[in-house]
$ cat run24.pdb   # PDB, C-alpha atoms
MODEL        1
ATOM      1  CA  MET A   1     -62.077 -72.159 -72.450
ATOM      2  CA  SER A   2     -59.728 -75.076 -73.092
ATOM      3  CA  ALA A   3     -57.148 -72.730 -74.630
ATOM      4  CA  ILE A   4     -57.205 -70.563 -71.497
ATOM      5  CA  LEU A   5     -56.723 -73.607 -69.274
ATOM      6  CA  VAL A   6     -53.803 -74.850 -71.382
ATOM      7  CA  ILE A   7     -52.035 -71.487 -71.195
ATOM      8  CA  ALA A   8     -52.743 -71.226 -67.471
ATOM      9  CA  GLY A   9     -51.338 -74.714 -66.939
ATOM     10  CA  LYS A  10     -48.177 -73.797 -68.850
ATOM     11  CA  GLU A  11     -47.675 -70.731 -66.636
ATOM     12  CA  ILE A  12     -48.135 -72.844 -63.514
ATOM     13  CA  GLN A  13     -45.581 -75.379 -64.756
ATOM     14  CA  ASP A  14     -43.083 -72.601 -65.468
ATOM     15  CA  GLY A  15     -43.750 -71.159 -62.027
ATOM     16  CA  LEU A  16     -43.093 -74.488 -60.315
ATOM     17  CA  ARG A  17     -39.654 -74.586 -61.927
ATOM     18  CA  ASN A  18     -38.878 -71.050 -60.818
ATOM     19  CA  ARG A  19     -36.705 -70.955 -57.687
ATOM     20  CA  TRP A  20     -37.768 -67.382 -57.081
ATOM     21  CA  ILE A  21     -41.341 -68.554 -56.479
ATOM     22  CA  ALA A  22     -40.095 -71.100 -53.931
ATOM     23  CA  SER A  23     -38.148 -68.327 -52.224
ATOM     24  CA  ALA A  24     -41.298 -66.192 -52.036
ATOM     25  CA  ILE A  25     -43.218 -69.063 -50.422
ATOM     26  CA  VAL A  26     -40.466 -69.591 -47.847
ATOM     27  CA  LEU A  27     -40.386 -65.856 -47.138
ATOM     28  CA  LEU A  28     -44.147 -65.603 -46.582
ATOM     29  CA  THR A  29     -44.125 -68.709 -44.371
ATOM     30  CA  THR A  30     -41.244 -67.483 -42.239
ATOM     31  CA  ILE A  31     -42.697 -64.018 -41.784
ATOM     32  CA  SER A  32     -46.199 -65.198 -40.921
ATOM     33  CA  LEU A  33     -44.948 -67.723 -38.360
ATOM     34  CA  ALA A  34     -42.551 -65.216 -36.828
ATOM     35  CA  LEU A  35     -45.242 -62.568 -36.507
ATOM     36  CA  TYR A  36     -47.661 -65.056 -34.944
ATOM     37  CA  PHE A  37     -45.221 -66.262 -32.291
ATOM     38  CA  LEU A  38     -44.054 -62.713 -31.584
ATOM     39  CA  GLY A  39     -47.668 -61.548 -31.463
ATOM     40  CA  SER A  40     -48.518 -64.125 -28.832
ATOM     41  CA  ALA A  41     -46.118 -62.508 -26.371
ATOM     42  CA  PRO A  42     -48.013 -59.232 -25.717
ATOM     43  CA  GLY A  43     -51.430 -60.848 -25.891
ATOM     44  CA  GLY A  44     -51.752 -61.379 -22.143
ATOM     45  CA  SER A  45     -50.705 -57.923 -21.098
ATOM     46  CA  ILE A  46     -52.863 -55.900 -23.476
ATOM     47  CA  ARG A  47     -55.709 -58.440 -23.626
ATOM     48  CA  ALA A  48     -55.380 -58.658 -27.392
ATOM     49  CA  SER A  49     -55.633 -61.897 -29.270
ATOM     50  CA  SER A  50     -52.305 -63.006 -30.715
ATOM     51  CA  LEU A  51     -54.119 -63.887 -33.936
ATOM     52  CA  ASP A  52     -55.496 -60.350 -34.221
ATOM     53  CA  VAL A  53     -51.999 -58.987 -33.694
ATOM     54  CA  THR A  54     -50.810 -61.319 -36.451
ATOM     55  CA  VAL A  55     -53.539 -60.147 -38.847
ATOM     56  CA  VAL A  56     -52.679 -56.489 -38.261
ATOM     57  CA  SER A  57     -48.949 -57.135 -38.609
ATOM     58  CA  LEU A  58     -49.292 -59.285 -41.730
ATOM     59  CA  ALA A  59     -51.675 -56.817 -43.381
ATOM     60  CA  SER A  60     -49.195 -53.995 -42.796
ATOM     61  CA  LEU A  61     -46.301 -56.050 -44.166
ATOM     62  CA  SER A  62     -48.198 -57.644 -47.057
ATOM     63  CA  VAL A  63     -48.809 -54.182 -48.494
ATOM     64  CA  TYR A  64     -45.111 -54.178 -49.375
ATOM     65  CA  LEU A  65     -44.442 -57.849 -50.105
ATOM     66  CA  ILE A  66     -47.470 -59.006 -52.118
ATOM     67  CA  PRO A  67     -47.317 -56.229 -54.770
ATOM     68  CA  LEU A  68     -43.584 -56.827 -55.204
ATOM     69  CA  ILE A  69     -44.062 -60.574 -55.644
ATOM     70  CA  ALA A  70     -46.934 -60.001 -58.084
ATOM     71  CA  LEU A  71     -44.952 -57.548 -60.203
ATOM     72  CA  MET A  72     -41.952 -59.857 -60.345
ATOM     73  CA  LEU A  73     -44.298 -62.581 -61.593
ATOM     74  CA  SER A  74     -45.859 -60.510 -64.337
ATOM     75  CA  TYR A  75     -43.650 -57.657 -65.535
ATOM     76  CA  ASP A  76     -42.079 -59.635 -68.407
ATOM     77  CA  THR A  77     -45.026 -61.889 -69.231
ATOM     78  CA  LEU A  78     -45.684 -60.440 -72.676
ATOM     79  CA  VAL A  79     -42.545 -58.475 -73.496
ATOM     80  CA  GLY A  80     -40.440 -61.514 -72.611
ATOM     81  CA  GLU A  81     -42.375 -63.625 -75.100
ATOM     82  CA  PHE A  82     -41.867 -60.964 -77.770
ATOM     83  CA  GLU A  83     -38.131 -60.763 -77.113
ATOM     84  CA  ARG A  84     -37.674 -64.537 -77.248
ATOM     85  CA  GLY A  85     -39.826 -64.840 -80.365
ATOM     86  CA  THR A  86     -42.165 -67.348 -78.717
ATOM     87  CA  MET A  87     -45.191 -65.060 -78.950
ATOM     88  CA  LEU A  88     -45.261 -65.433 -82.737
ATOM     89  CA  LEU A  89     -45.215 -69.210 -82.350
ATOM     90  CA  LEU A  90     -47.914 -69.111 -79.665
ATOM     91  CA  LEU A  91     -50.260 -67.067 -81.840
ATOM     92  CA  THR A  92     -50.005 -69.535 -84.705
ATOM     93  CA  TYR A  93     -52.316 -71.760 -82.673
ATOM     94  CA  PRO A  94     -56.104 -71.254 -82.982
ATOM     95  CA  LEU A  95     -56.601 -68.917 -80.042
ATOM     96  CA  ALA A  96     -57.503 -65.269 -79.592
ATOM     97  CA  ARG A  97     -55.124 -62.747 -78.082
ATOM     98  CA  TRP A  98     -57.459 -62.085 -75.189
ATOM     99  CA  GLN A  99     -57.278 -65.785 -74.351
ATOM    100  CA  VAL A 100     -53.497 -65.496 -74.067
ATOM    101  CA  VAL A 101     -53.806 -62.650 -71.557
ATOM    102  CA  ILE A 102     -56.568 -64.282 -69.514
ATOM    103  CA  GLY A 103     -54.839 -67.662 -69.555
ATOM    104  CA  LYS A 104     -51.562 -66.196 -68.296
ATOM    105  CA  PHE A 105     -53.454 -64.166 -65.696
ATOM    106  CA  CYS A 106     -55.253 -67.257 -64.378
ATOM    107  CA  GLY A 107     -51.967 -69.141 -64.186
ATOM    108  CA  HIS A 108     -50.214 -66.371 -62.292
ATOM    109  CA  MET A 109     -53.168 -65.967 -59.956
ATOM    110  CA  MET A 110     -52.983 -69.668 -59.107
ATOM    111  CA  ILE A 111     -49.237 -69.386 -58.453
ATOM    112  CA  LEU A 112     -49.839 -66.427 -56.161
ATOM    113  CA  LEU A 113     -52.692 -68.263 -54.435
ATOM    114  CA  SER A 114     -50.446 -71.242 -53.743
ATOM    115  CA  ALA A 115     -47.790 -68.956 -52.268
ATOM    116  CA  ILE A 116     -50.327 -67.271 -49.983
ATOM    117  CA  VAL A 117     -52.056 -70.511 -48.958
ATOM    118  CA  ILE A 118     -48.773 -72.253 -48.183
ATOM    119  CA  GLY A 119     -47.077 -69.222 -46.664
ATOM    120  CA  TYR A 120     -49.921 -67.882 -44.547
ATOM    121  CA  GLY A 121     -51.698 -71.225 -44.280
ATOM    122  CA  ALA A 122     -48.772 -72.680 -42.328
ATOM    123  CA  THR A 123     -49.557 -70.236 -39.544
ATOM    124  CA  ALA A 124     -53.258 -71.086 -39.743
ATOM    125  CA  LEU A 125     -52.341 -74.749 -39.377
ATOM    126  CA  VAL A 126     -50.252 -74.017 -36.287
ATOM    127  CA  ILE A 127     -53.174 -72.078 -34.835
ATOM    128  CA  ALA A 128     -55.572 -74.935 -35.551
ATOM    129  CA  VAL A 129     -53.255 -77.520 -33.994
ATOM    130  CA  THR A 130     -52.590 -75.497 -30.858
ATOM    131  CA  GLY A 131     -56.252 -74.495 -30.556
ATOM    132  CA  ASN A 132     -55.404 -70.858 -29.834
ATOM    133  CA  ASP A 133     -57.551 -67.914 -30.999
ATOM    134  CA  VAL A 134     -59.823 -70.093 -33.121
ATOM    135  CA  GLU A 135     -62.695 -67.664 -32.616
ATOM    136  CA  ASN A 136     -60.923 -65.013 -34.726
ATOM    137  CA  TRP A 137     -60.238 -67.089 -37.832
ATOM    138  CA  GLN A 138     -62.550 -64.980 -40.039
ATOM    139  CA  ALA A 139     -60.230 -61.966 -39.926
ATOM    140  CA  TYR A 140     -57.254 -64.141 -40.845
ATOM    141  CA  LEU A 141     -59.031 -65.756 -43.801
ATOM    142  CA  MET A 142     -60.226 -62.377 -45.054
ATOM    143  CA  MET A 143     -56.652 -61.119 -44.829
ATOM    144  CA  MET A 144     -55.496 -64.035 -46.986
ATOM    145  CA  ALA A 145     -58.283 -63.524 -49.540
ATOM    146  CA  SER A 146     -57.725 -59.769 -49.804
ATOM    147  CA  SER A 147     -53.954 -60.359 -50.124
ATOM    148  CA  TRP A 148     -54.696 -62.546 -53.145
ATOM    149  CA  MET A 149     -56.877 -59.812 -54.591
ATOM    150  CA  LEU A 150     -54.185 -57.179 -53.992
ATOM    151  CA  GLY A 151     -51.702 -59.435 -55.750
ATOM    152  CA  GLY A 152     -54.122 -59.713 -58.679
ATOM    153  CA  VAL A 153     -54.170 -55.917 -58.958
ATOM    154  CA  PHE A 154     -50.400 -55.752 -59.357
ATOM    155  CA  ILE A 155     -50.277 -58.766 -61.668
ATOM    156  CA  ALA A 156     -52.680 -56.886 -63.940
ATOM    157  CA  LEU A 157     -50.552 -53.733 -63.663
ATOM    158  CA  GLY A 158     -47.501 -55.803 -64.540
ATOM    159  CA  TYR A 159     -49.268 -57.004 -67.685
ATOM    160  CA  THR A 160     -50.045 -53.421 -68.674
ATOM    161  CA  ILE A 161     -46.386 -52.537 -68.311
ATOM    162  CA  SER A 162     -45.357 -55.620 -70.260
ATOM    163  CA  VAL A 163     -47.612 -54.916 -73.232
ATOM    164  CA  PHE A 164     -46.536 -51.286 -73.677
ATOM    165  CA  VAL A 165     -42.738 -51.560 -73.433
ATOM    166  CA  GLN A 166     -40.338 -53.031 -75.974
ATOM    167  CA  GLU A 167     -37.633 -54.506 -73.711
ATOM    168  CA  ARG A 168     -37.576 -56.555 -70.518
ATOM    169  CA  ALA A 169     -35.131 -54.156 -68.868
ATOM    170  CA  THR A 170     -37.567 -51.293 -69.410
ATOM    171  CA  ALA A 171     -40.388 -53.393 -68.001
ATOM    172  CA  ALA A 172     -38.342 -54.190 -64.883
ATOM    173  CA  GLY A 173     -37.629 -50.511 -64.260
ATOM    174  CA  ALA A 174     -41.270 -49.572 -64.810
ATOM    175  CA  ALA A 175     -42.391 -52.324 -62.404
ATOM    176  CA  ILE A 176     -40.125 -50.942 -59.684
ATOM    177  CA  GLY A 177     -41.517 -47.471 -60.352
ATOM    178  CA  VAL A 178     -45.113 -48.712 -60.074
ATOM    179  CA  TRP A 179     -44.287 -50.450 -56.802
ATOM    180  CA  LEU A 180     -42.650 -47.328 -55.366
ATOM    181  CA  ILE A 181     -45.517 -45.069 -56.393
ATOM    182  CA  GLY A 182     -48.322 -47.392 -55.301
ATOM    183  CA  VAL A 183     -46.798 -48.553 -52.032
ATOM    184  CA  VAL A 184     -44.539 -45.745 -50.823
ATOM    185  CA  LEU A 185     -44.695 -42.438 -52.678
ATOM    186  CA  TYR A 186     -48.480 -42.108 -52.959
ATOM    187  CA  ASP A 187     -48.988 -41.925 -49.198
ATOM    188  CA  LEU A 188     -45.991 -39.638 -48.764
ATOM    189  CA  GLY A 189     -47.410 -37.346 -51.424
ATOM    190  CA  LEU A 190     -50.781 -37.218 -49.676
ATOM    191  CA  MET A 191     -49.140 -36.385 -46.358
ATOM    192  CA  GLY A 192     -47.101 -33.646 -47.997
ATOM    193  CA  LEU A 193     -50.211 -32.283 -49.701
ATOM    194  CA  LEU A 194     -52.102 -32.259 -46.418
ATOM    195  CA  LEU A 195     -49.291 -30.468 -44.615
ATOM    196  CA  ALA A 196     -48.966 -27.892 -47.386
ATOM    197  CA  ASP A 197     -52.725 -27.321 -47.481
ATOM    198  CA  GLN A 198     -52.942 -26.692 -43.719
ATOM    199  CA  GLU A 199     -56.554 -27.924 -43.732
ATOM    200  CA  GLN A 200     -57.790 -24.968 -45.800
ATOM    201  CA  ARG A 201     -58.998 -26.644 -49.001
ATOM    202  CA  ILE A 202     -58.733 -30.399 -48.533
ATOM    203  CA  GLY A 203     -61.604 -31.573 -46.376
ATOM    204  CA  GLU A 204     -61.933 -34.878 -44.559
ATOM    205  CA  GLY A 205     -64.151 -36.330 -47.269
ATOM    206  CA  LEU A 206     -61.760 -35.528 -50.115
ATOM    207  CA  PHE A 207     -58.776 -36.796 -48.161
ATOM    208  CA  SER A 208     -60.546 -40.066 -47.371
ATOM    209  CA  THR A 209     -61.449 -40.470 -51.050
ATOM    210  CA  LEU A 210     -57.841 -39.926 -52.102
ATOM    211  CA  ILE A 211     -56.667 -42.530 -49.605
ATOM    212  CA  ILE A 212     -59.035 -45.307 -50.598
ATOM    213  CA  ALA A 213     -58.453 -44.565 -54.299
ATOM    214  CA  ASN A 214     -55.100 -46.297 -53.882
ATOM    215  CA  PRO A 215     -55.531 -50.120 -53.928
ATOM    216  CA  THR A 216     -52.791 -50.682 -51.343
ATOM    217  CA  ASP A 217     -54.444 -48.258 -48.911
ATOM    218  CA  ALA A 218     -57.841 -49.825 -49.606
ATOM    219  CA  TYR A 219     -56.327 -53.217 -48.735
ATOM    220  CA  ARG A 220     -54.721 -51.905 -45.557
ATOM    221  CA  ILE A 221     -57.873 -50.163 -44.327
ATOM    222  CA  PHE A 222     -60.011 -53.191 -45.186
ATOM    223  CA  ASN A 223     -57.919 -55.480 -42.994
ATOM    224  CA  LEU A 224     -57.306 -53.055 -40.158
ATOM    225  CA  THR A 225     -60.948 -51.982 -39.798
ATOM    226  CA  GLY A 226     -62.876 -55.017 -41.042
ATOM    227  CA  PHE A 227     -63.384 -56.553 -37.590
ATOM    228  CA  GLU A 228     -63.823 -54.951 -34.187
ATOM    229  CA  SER A 229     -60.965 -56.966 -32.679
ATOM    230  CA  THR A 230     -58.485 -55.898 -35.361
ATOM    231  CA  ARG A 231     -59.655 -52.284 -35.113
ATOM    232  CA  GLN A 232     -58.821 -52.288 -31.426
ATOM    233  CA  VAL A 233     -55.382 -53.802 -31.982
ATOM    234  CA  ALA A 234     -54.631 -51.299 -34.755
ATOM    235  CA  GLY A 235     -55.962 -48.389 -32.663
ATOM    236  CA  LEU A 236     -58.580 -47.533 -35.293
ATOM    237  CA  SER A 237     -61.815 -48.066 -33.360
ATOM    238  CA  ASP A 238     -63.040 -44.553 -34.103
ATOM    239  CA  ILE A 239     -62.290 -44.886 -37.804
ATOM    240  CA  GLY A 240     -64.039 -48.233 -37.933
ATOM    241  CA  ALA A 241     -67.133 -46.642 -36.472
ATOM    242  CA  ASN A 242     -67.227 -44.135 -39.338
ATOM    243  CA  ALA A 243     -69.827 -45.163 -41.914
ATOM    244  CA  ALA A 244     -67.573 -43.836 -44.694
ATOM    245  CA  VAL A 245     -65.305 -46.836 -44.212
ATOM    246  CA  ASN A 246     -67.309 -49.387 -46.150
ATOM    247  CA  PRO A 247     -65.678 -52.807 -46.670
ATOM    248  CA  GLY A 248     -67.692 -53.324 -49.849
ATOM    249  CA  LEU A 249     -66.430 -50.023 -51.253
ATOM    250  CA  LEU A 250     -62.837 -50.928 -50.434
ATOM    251  CA  LEU A 251     -63.172 -54.274 -52.222
ATOM    252  CA  ALA A 252     -64.834 -52.525 -55.177
ATOM    253  CA  VAL A 253     -61.876 -50.152 -55.467
ATOM    254  CA  MET A 254     -59.499 -53.109 -55.598
ATOM    255  CA  ALA A 255     -61.714 -54.877 -58.145
ATOM    256  CA  VAL A 256     -61.671 -51.823 -60.429
ATOM    257  CA  TRP A 257     -57.886 -51.638 -60.162
ATOM    258  CA  LEU A 258     -57.736 -55.308 -61.170
ATOM    259  CA  LEU A 259     -60.154 -55.173 -64.111
ATOM    260  CA  VAL A 260     -59.139 -51.887 -65.751
ATOM    261  CA  PRO A 261     -55.450 -52.804 -66.334
ATOM    262  CA  LEU A 262     -56.525 -56.192 -67.683
ATOM    263  CA  VAL A 263     -58.887 -54.567 -70.178
ATOM    264  CA  VAL A 264     -56.224 -52.028 -71.181
ATOM    265  CA  THR A 265     -53.717 -54.861 -71.673
ATOM    266  CA  ILE A 266     -56.108 -56.831 -73.885
ATOM    267  CA  LEU A 267     -56.972 -53.795 -76.015
ATOM    268  CA  ARG A 268     -53.314 -52.858 -76.455
ATOM    269  CA  PHE A 269     -52.286 -56.456 -77.159
ATOM    270  CA  ARG A 270     -54.894 -56.746 -79.916
ATOM    271  CA  LYS A 271     -53.313 -53.776 -81.741
ATOM    272  CA  ARG A 272     -49.651 -54.608 -81.124
ATOM    273  CA  GLU A 273     -47.687 -55.872 -84.093
ATOM    274  CA  LEU A 274     -45.633 -59.034 -83.732
TER     275      LEU A 274
ENDMDL
END
$ encode --input "run24.pdb" --output "C-alpha cells"
Amino acid sequence: MSAILVIAGKEIQDGLRNRWIASAIVLLTTISLALYFLGSAPGGSIRASSLDVTVVSLASLSVYLIPLIALMLSYDTLVGEFERGTMLLLLTYPLARWQVVIGKFCGHMMILLSAIVIGYGATALVIAVTGNDVENWQAYLMMMASSWMLGGVFIALGYTISVFVQERATAAGAAIGVWLIGVVLYDLGLMGLLLADQEQRIGEGLFSTLIIANPTDAYRIFNLTGFESTRQVAGLSDIGANAAVNPGLLLAVMAVWLLVPLVVTILRFRKREL
C-alpha cells in the first residue's frame, strides 16, 4: 500500500508542475461560472431553477471536456516512461507492476478530482454565498461525482492505449481516436443505423441498450434524468418516467468501463518486456 501511495504522490507532484493542468482548472472554472450566470437569466421566465439549467448545461459540455482532459493526463503514462528509460529504473524498486498502474491511476484520479472540485466547486461556492437554488444542490453534487467517474473511465482507457503502443506519438493519435469514437462518432453511428433501419429490426429496447452501453451516453442520461427538476429542464420528463432508465444501471456501466481497461492494462503490463 505504501508503494502505491508513493507513486500516486509522485504523479500528483508532476501534475502540480504541469501548466496544462492549471489551464484545465481555469477552463472548467470559467465555463461553470459562465453557464451559471447565463442560466440565471431565463430562470424567471420558464420557472426553471438556474442551478438546474447549470447542471444540464455542464453535463452536456462535460461529456466533451472531461474525457479529453482525462486522456491528455494518461495517454503517455506508461509509454512515456518506457521511452525515457525511467520505467526500468522504477521497476528496480521492490514493487509489483500492478502497483505501478494502480499508483499512477490513484494519482491521476486525485489530479482530476482537484480540477473538478476547484473548477465546478467555484460555482457551488458562489451559489452558497448568494443563497440561490440551495434546494437543488444534490443534482449539482451528483454531476460533479459522475464527472469524476467519467474521467476515471477515460484515464483507464488512456492507460490501455499507453501499454499497447511503442511510441508517444502513436499513443497521442490513438487517444484522439478514442475520444472521437466515444464522444462523437458513436452517437452519429447509432443515428445513422437507426435511419437506415427505418424501425424494422432495431426495437426500442435494443436501441436503448446500445445507447447506455457507451459510458459518455450513460453519464449524460444519468445527469439529465437523475432528478425531476433536471428532467424538466432537459425536456426528458417522459424518458425519466421510463423504468428502463435506471441510475444504478448507468453507474454500473461506467464502473465496468473503468475497471475492464484497468485490468487489461495490468495484464498487458505484466507481460510487456522492458
$ closest_residue --input "run24.pdb" --among "A:Val53, A:Leu58, A:Ala22, A:Val63" --to "Val153 in chain A" --atoms "only C-alpha atoms"
A:Val63
$ closest_residue --input "run24.pdb" --among "A:Met109, A:Ala218, A:Val256, A:Ile31" --to "Ile155 in chain A" --atoms "only C-alpha atoms"
A:Met109
$ closest_residue --input "run24.pdb" --among "A:Ile118, A:Val100, A:Leu224, A:Leu73" --to "Arg270 in chain A" --atoms "all atoms listed in the file"
A:Val100
$ closest_residue --input "run24.pdb" --among "A:Ser32, A:Ser74, A:Gln166, A:Thr130" --to "Arg272 in chain A" --atoms "only C-alpha atoms"
A:Gln166
$ residues_near_point --input "run24.pdb" --point "(-51.8, -68.5, -47.7)" --cutoff "12 Å" --atoms "all atoms listed in the file" --output "number ranges by chain"
A: 24-33, 58, 62, 66, 110-125, 140-148
$ residues_around --input "run24.pdb" --residues "Ile7 in chain A" --least-positions-apart "3" --cutoff "12 Å" --atoms "all atoms listed in the file" --output "ChimeraX atom specification"
/A:1-4,10-14,90-91,93,95-108
$ write_last_selection --input "run24.pdb" --atoms "C-alpha atoms" --output "tab-separated table (two decimals), keeping the file's coordinate frame"
chain	number	residue	atom	x	y	z
A	1	MET	CA	-62.08	-72.16	-72.45
A	2	SER	CA	-59.73	-75.08	-73.09
A	3	ALA	CA	-57.15	-72.73	-74.63
A	4	ILE	CA	-57.20	-70.56	-71.50
A	10	LYS	CA	-48.18	-73.80	-68.85
A	11	GLU	CA	-47.68	-70.73	-66.64
A	12	ILE	CA	-48.14	-72.84	-63.51
A	13	GLN	CA	-45.58	-75.38	-64.76
A	14	ASP	CA	-43.08	-72.60	-65.47
A	90	LEU	CA	-47.91	-69.11	-79.67
A	91	LEU	CA	-50.26	-67.07	-81.84
A	93	TYR	CA	-52.32	-71.76	-82.67
A	95	LEU	CA	-56.60	-68.92	-80.04
A	96	ALA	CA	-57.50	-65.27	-79.59
A	97	ARG	CA	-55.12	-62.75	-78.08
A	98	TRP	CA	-57.46	-62.08	-75.19
A	99	GLN	CA	-57.28	-65.78	-74.35
A	100	VAL	CA	-53.50	-65.50	-74.07
A	101	VAL	CA	-53.81	-62.65	-71.56
A	102	ILE	CA	-56.57	-64.28	-69.51
A	103	GLY	CA	-54.84	-67.66	-69.56
A	104	LYS	CA	-51.56	-66.20	-68.30
A	105	PHE	CA	-53.45	-64.17	-65.70
A	106	CYS	CA	-55.25	-67.26	-64.38
A	107	GLY	CA	-51.97	-69.14	-64.19
A	108	HIS	CA	-50.21	-66.37	-62.29
$ residues_around --input "run24.pdb" --residues "Leu250 in chain A" --least-positions-apart "3" --cutoff "9 Å" --atoms "all atoms listed in the file" --output "list in words"
Ile212, Ala213, Pro215, Asp217, Ala218, Tyr219, Ile221, Phe222, Val245, Asn246, Pro247, Val253, Met254 and Ala255 of chain A
$ closest_residue --input "run24.pdb" --among "A:Asn223, A:Gly189, A:Phe82, A:Ala169" --to "Phe207 in chain A" --atoms "only C-alpha atoms"
A:Gly189
$ atom_distance --input "run24.pdb" --atom1 "CA of Val56 in chain A" --atom2 "CA of Leu180 in chain A"
21.8 Å
$ resolve_selection --input "run24.pdb" --expression "the PyMOL selection byres ((chain A and resi 158) around 8)" --output "list in words"
Ala70, Leu71, Ser74, Tyr75, Asp76, Phe154, Ile155, Ala156, Leu157, Tyr159, Thr160, Ile161, Ser162 and Ala175 of chain A
$ axis_aligned_box --input "run24.pdb" --around "range 62-74 of chain A" --padding-each-side "3 Å" --output "AutoDock Vina command-line options"
--center_x -45.4 --center_y -58.4 --center_z -55.7 --size_x 12.9 --size_y 14.4 --size_z 23.3
$ decode --input "run24.pdb" --residues "range 101-114 of chain A" --atoms "N, CA and C atoms" --output "compact mmCIF listing (two decimals), in the first residue's frame"
# COMPACT_ATOMS: atom_id res chain seq x y z
N VAL A 101 0.68 0.60 -11.87
CA VAL A 101 -0.53 1.03 -12.58
C VAL A 101 -1.54 1.65 -11.61
N ILE A 102 -1.80 0.97 -10.50
CA ILE A 102 -2.78 1.47 -9.55
C ILE A 102 -2.31 2.77 -8.90
N GLY A 103 -1.02 2.85 -8.60
CA GLY A 103 -0.49 4.08 -8.01
C GLY A 103 -0.64 5.26 -8.94
N LYS A 104 -0.29 5.08 -10.22
CA LYS A 104 -0.44 6.16 -11.19
C LYS A 104 -1.91 6.52 -11.38
N PHE A 105 -2.77 5.49 -11.37
CA PHE A 105 -4.20 5.75 -11.54
C PHE A 105 -4.74 6.57 -10.38
N CYS A 106 -4.35 6.22 -9.15
CA CYS A 106 -4.81 6.98 -7.99
C CYS A 106 -4.33 8.43 -8.06
N GLY A 107 -3.08 8.61 -8.47
CA GLY A 107 -2.55 9.97 -8.59
C GLY A 107 -3.30 10.79 -9.62
N HIS A 108 -3.56 10.21 -10.77
CA HIS A 108 -4.28 10.93 -11.82
C HIS A 108 -5.73 11.19 -11.43
N MET A 109 -6.32 10.25 -10.70
CA MET A 109 -7.69 10.48 -10.24
C MET A 109 -7.75 11.64 -9.25
N MET A 110 -6.74 11.78 -8.40
CA MET A 110 -6.71 12.89 -7.47
C MET A 110 -6.49 14.22 -8.19
N ILE A 111 -5.66 14.21 -9.24
CA ILE A 111 -5.47 15.42 -10.04
C ILE A 111 -6.78 15.83 -10.69
N LEU A 112 -7.47 14.85 -11.28
CA LEU A 112 -8.75 15.14 -11.92
C LEU A 112 -9.78 15.62 -10.90
N LEU A 113 -9.79 15.01 -9.72
CA LEU A 113 -10.71 15.42 -8.67
C LEU A 113 -10.46 16.87 -8.27
N SER A 114 -9.20 17.24 -8.14
CA SER A 114 -8.89 18.62 -7.76
C SER A 114 -9.36 19.59 -8.84
